[in-house]
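K.L.:
Okay, here's the structure, questions in a sec.
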Amino acid sequence: MRVISGKARGHKLAAPEGLDTRPTTDRIKETLFNIIAPDIYRCKFLDLFSGSGAIGIEALSRGADKVVFVDNGRKALETIEYNLNHTKLSDNAEIIRTEVLPAIKMLGSKNAKFDIIFMDPPYMAGLYKPTLMAILEANLLNKDGYVIAEYPAKVELPVAEGFKLVKTKDYKTTVMSFWTLED
């Protein structure tokens, strides 16, 4: 796993040991960032269920103004911190060390707004719809922003009221869905 493009291009990234995280493969990450490239520069990016931090670090490397990482796993948090220091991208990063739903509520209470929100929750934990609903309730997404949800191809993502599915990208075993706010 490495940073694909930008300021930290080529830096190898660590991943937490064990099966608690499933880092997005470089091939999928590269395709994803080719899709969202026009929106990355100077954006505010929220990386939920951050794991190794690879997605948010890629956004920082490509010019995001700020990335907020949210995770509650000790190994994941240590890895995110290590990867940010290793890539020298920690200046524009914030790490929130708690579960995602309380973090979303806390960010909402601070009137935080994001252009892109990436979420990759544990696949079978049933957190997709509750996370989307929490994002909506906390009003975290900018008017023209979008949420990207990563999930396994064999799982059907539940519809979340208040959001509109605008694009789905299928990578055989993994799917990325792009959601915007309903008009």
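Just so we're on the same page: first chain in the structure tokens is A, next is B, and so on; residues restart at 1 for each chain, and ligands are numbered from 1 in the order they show up.
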Could you give me, as a short mmCIF file (atom, residue, chain, number, x, y, z; two decimals) with C-alpha atoms, in the first residue's frame, the residues within 9 Å of A:Tyr171, counting only C-alpha atoms and dropping anything in the same chain fewer than 3 positions from it?
P.N.:
```cif
data_model
loop_
_atom_site.label_atom_id
_atom_site.label_comp_id
_atom_site.auth_asym_id
_atom_site.auth_seq_id
_atom_site.Cartn_x
_atom_site.Cartn_y
_atom_site.Cartn_z
CA ILE A 28 -9.26 0.66 -6.29
CA ALA A 153 -20.27 -6.40 -3.95
CA THR A 174 -15.88 -4.03 -3.87
CA VAL A 175 -18.41 -1.32 -4.76
CA MET A 176 -18.20 2.44 -4.27
#
```
K.L.:
Please report, as a list in words, each residue of stretch 86-160 of chain A to which DSSP assigns alpha helix (DSSP H) when run on this structure's backbone.
P.N.:
His86, Thr87, Val100, Leu101, Pro102, Ala103, Ile104, Lys105, Met106, Leu107, Gly108, Ser109, Tyr128, Lys129, Pro130, Thr131, Leu132, Met133, Ala134, Ile135, Leu136, Glu137 and Ala138 of chain A
K.L.:
Output the selection as an mmCIF file, in the first residue's frame - N, CA and C atoms for each residue.
P.N.:
```
data_model
loop_
_atom_site.group_PDB
_atom_site.id
_atom_site.type_symbol
_atom_site.label_atom_id
_atom_site.label_comp_id
_atom_site.auth_asym_id
_atom_site.auth_seq_id
_atom_site.Cartn_x
_atom_site.Cartn_y
_atom_site.Cartn_z
ATOM 1 N N HIS A 86 4.982 9.912 8.789
ATOM 2 C CA HIS A 86 5.868 9.367 7.756
ATOM 3 C C HIS A 86 5.747 10.148 6.440
ATOM 4 N N THR A 87 4.532 10.537 6.088
ATOM 5 C CA THR A 87 4.303 11.263 4.831
ATOM 6 C C THR A 87 4.452 12.781 5.000
ATOM 7 N N VAL A 100 -17.586 6.318 15.378
ATOM 8 C CA VAL A 100 -17.993 7.230 14.310
ATOM 9 C C VAL A 100 -19.272 8.008 14.635
ATOM 10 N N LEU A 101 -20.303 7.361 15.129
ATOM 11 C CA LEU A 101 -21.570 8.069 15.349
ATOM 12 C C LEU A 101 -21.437 9.209 16.367
ATOM 13 N N PRO A 102 -20.773 9.008 17.517
ATOM 14 C CA PRO A 102 -20.554 10.143 18.418
ATOM 15 C C PRO A 102 -19.648 11.224 17.796
ATOM 16 N N ALA A 103 -18.688 10.815 16.981
ATOM 17 C CA ALA A 103 -17.801 11.786 16.316
ATOM 18 C C ALA A 103 -18.594 12.666 15.359
ATOM 19 N N ILE A 104 -19.513 12.059 14.625
ATOM 20 C CA ILE A 104 -20.352 12.826 13.693
ATOM 21 C C ILE A 104 -21.184 13.840 14.467
ATOM 22 N N LYS A 105 -21.777 13.413 15.570
ATOM 23 C CA LYS A 105 -22.580 14.317 16.394
ATOM 24 C C LYS A 105 -21.725 15.475 16.911
ATOM 25 N N MET A 106 -20.507 15.172 17.365
ATOM 26 C CA MET A 106 -19.598 16.193 17.883
ATOM 27 C C MET A 106 -19.209 17.179 16.778
ATOM 28 N N LEU A 107 -18.903 16.667 15.584
ATOM 29 C CA LEU A 107 -18.550 17.543 14.456
ATOM 30 C C LEU A 107 -19.729 18.440 14.086
ATOM 31 N N GLY A 108 -20.934 17.882 14.129
ATOM 32 C CA GLY A 108 -22.132 18.668 13.849
ATOM 33 C C GLY A 108 -22.335 19.786 14.863
ATOM 34 N N SER A 109 -22.039 19.504 16.124
ATOM 35 C CA SER A 109 -22.195 20.533 17.165
ATOM 36 C C SER A 109 -21.195 21.669 16.978
ATOM 37 N N TYR A 128 -24.008 1.314 7.719
ATOM 38 C CA TYR A 128 -24.117 2.198 6.549
ATOM 39 C C TYR A 128 -25.260 3.201 6.708
ATOM 40 N N LYS A 129 -26.474 2.709 6.893
ATOM 41 C CA LYS A 129 -27.624 3.608 6.992
ATOM 42 C C LYS A 129 -27.539 4.493 8.240
ATOM 43 N N PRO A 130 -27.207 3.952 9.438
ATOM 44 C CA PRO A 130 -27.087 4.842 10.600
ATOM 45 C C PRO A 130 -26.036 5.941 10.411
ATOM 46 N N THR A 131 -24.949 5.620 9.720
ATOM 47 C CA THR A 131 -23.907 6.627 9.484
ATOM 48 C C THR A 131 -24.406 7.694 8.530
ATOM 49 N N LEU A 132 -25.064 7.283 7.451
ATOM 50 C CA LEU A 132 -25.621 8.261 6.514
ATOM 51 C C LEU A 132 -26.655 9.143 7.199
ATOM 52 N N MET A 133 -27.508 8.551 8.012
ATOM 53 C CA MET A 133 -28.540 9.328 8.700
ATOM 54 C C MET A 133 -27.911 10.297 9.708
ATOM 55 N N ALA A 134 -26.838 9.871 10.375
ATOM 56 C CA ALA A 134 -26.146 10.754 11.324
ATOM 57 C C ALA A 134 -25.501 11.923 10.591
ATOM 58 N N ILE A 135 -24.921 11.663 9.421
ATOM 59 C CA ILE A 135 -24.329 12.734 8.599
ATOM 60 C C ILE A 135 -25.399 13.756 8.232
ATOM 61 N N LEU A 136 -26.554 13.261 7.834
ATOM 62 C CA LEU A 136 -27.663 14.136 7.456
ATOM 63 C C LEU A 136 -28.147 14.955 8.658
ATOM 64 N N GLU A 137 -28.360 14.289 9.774
ATOM 65 C CA GLU A 137 -28.860 14.955 10.981
ATOM 66 C C GLU A 137 -27.870 16.009 11.496
ATOM 67 N N ALA A 138 -26.569 15.726 11.396
ATOM 68 C CA ALA A 138 -25.537 16.659 11.869
ATOM 69 C C ALA A 138 -25.254 17.767 10.854
#
```
K.L.:
Nearest to A:Lys169 among A:Ala8, A:Leu32, A:Leu46, A:Ile57, with distances taken over only C-alpha atoms: which residue is it?
P.N.:
A:Leu32
K.L.:
What's around A:Phe49 at 10 Å? Count only C-alpha atoms, leave out sequence neighbours fewer than 5 positions away in its own chain, and write the answer as a PyMOL selection string.
P.N.:
chain A and resi 21+69-73+76+98-100+118-122
K.L.:
Determine, counting only C-alpha atoms, which protein, DNA and RNA residues have an atom within 12 Å of an atom of A:His11; residues of the same chain fewer than 3 positions away are not included. Present the result as JSON, numbers by chain.
P.N.:
{"A": [1, 2, 3, 4, 5, 6, 7, 8, 14, 54, 57, 58, 61, 83, 84, 85, 86, 87, 88, 89]}
K.L.:
Can you tell me, as a PyMOL selection string, which residues in stretch 39-175 of chain A count as strand (DSSP E) by DSSP?
P.N.:
chain A and resi 44-48+66-71+93-97+114-119+141-152+163-170+174-175
K.L.:
Using only C-alpha atoms for the distances, tell me which of A:Glu182, A:Ala149, A:Gly51, A:Leu141 is nearest to A:Glu161.
P.N.:
A:Glu182
K.L.:
Closest to A:Arg42 among A:Ala59, A:Leu165, A:Ala93, A:Ala125, using only C-alpha atoms?
P.N.:
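For A:Arg42, the nearest of the given residues is A:Ala59.
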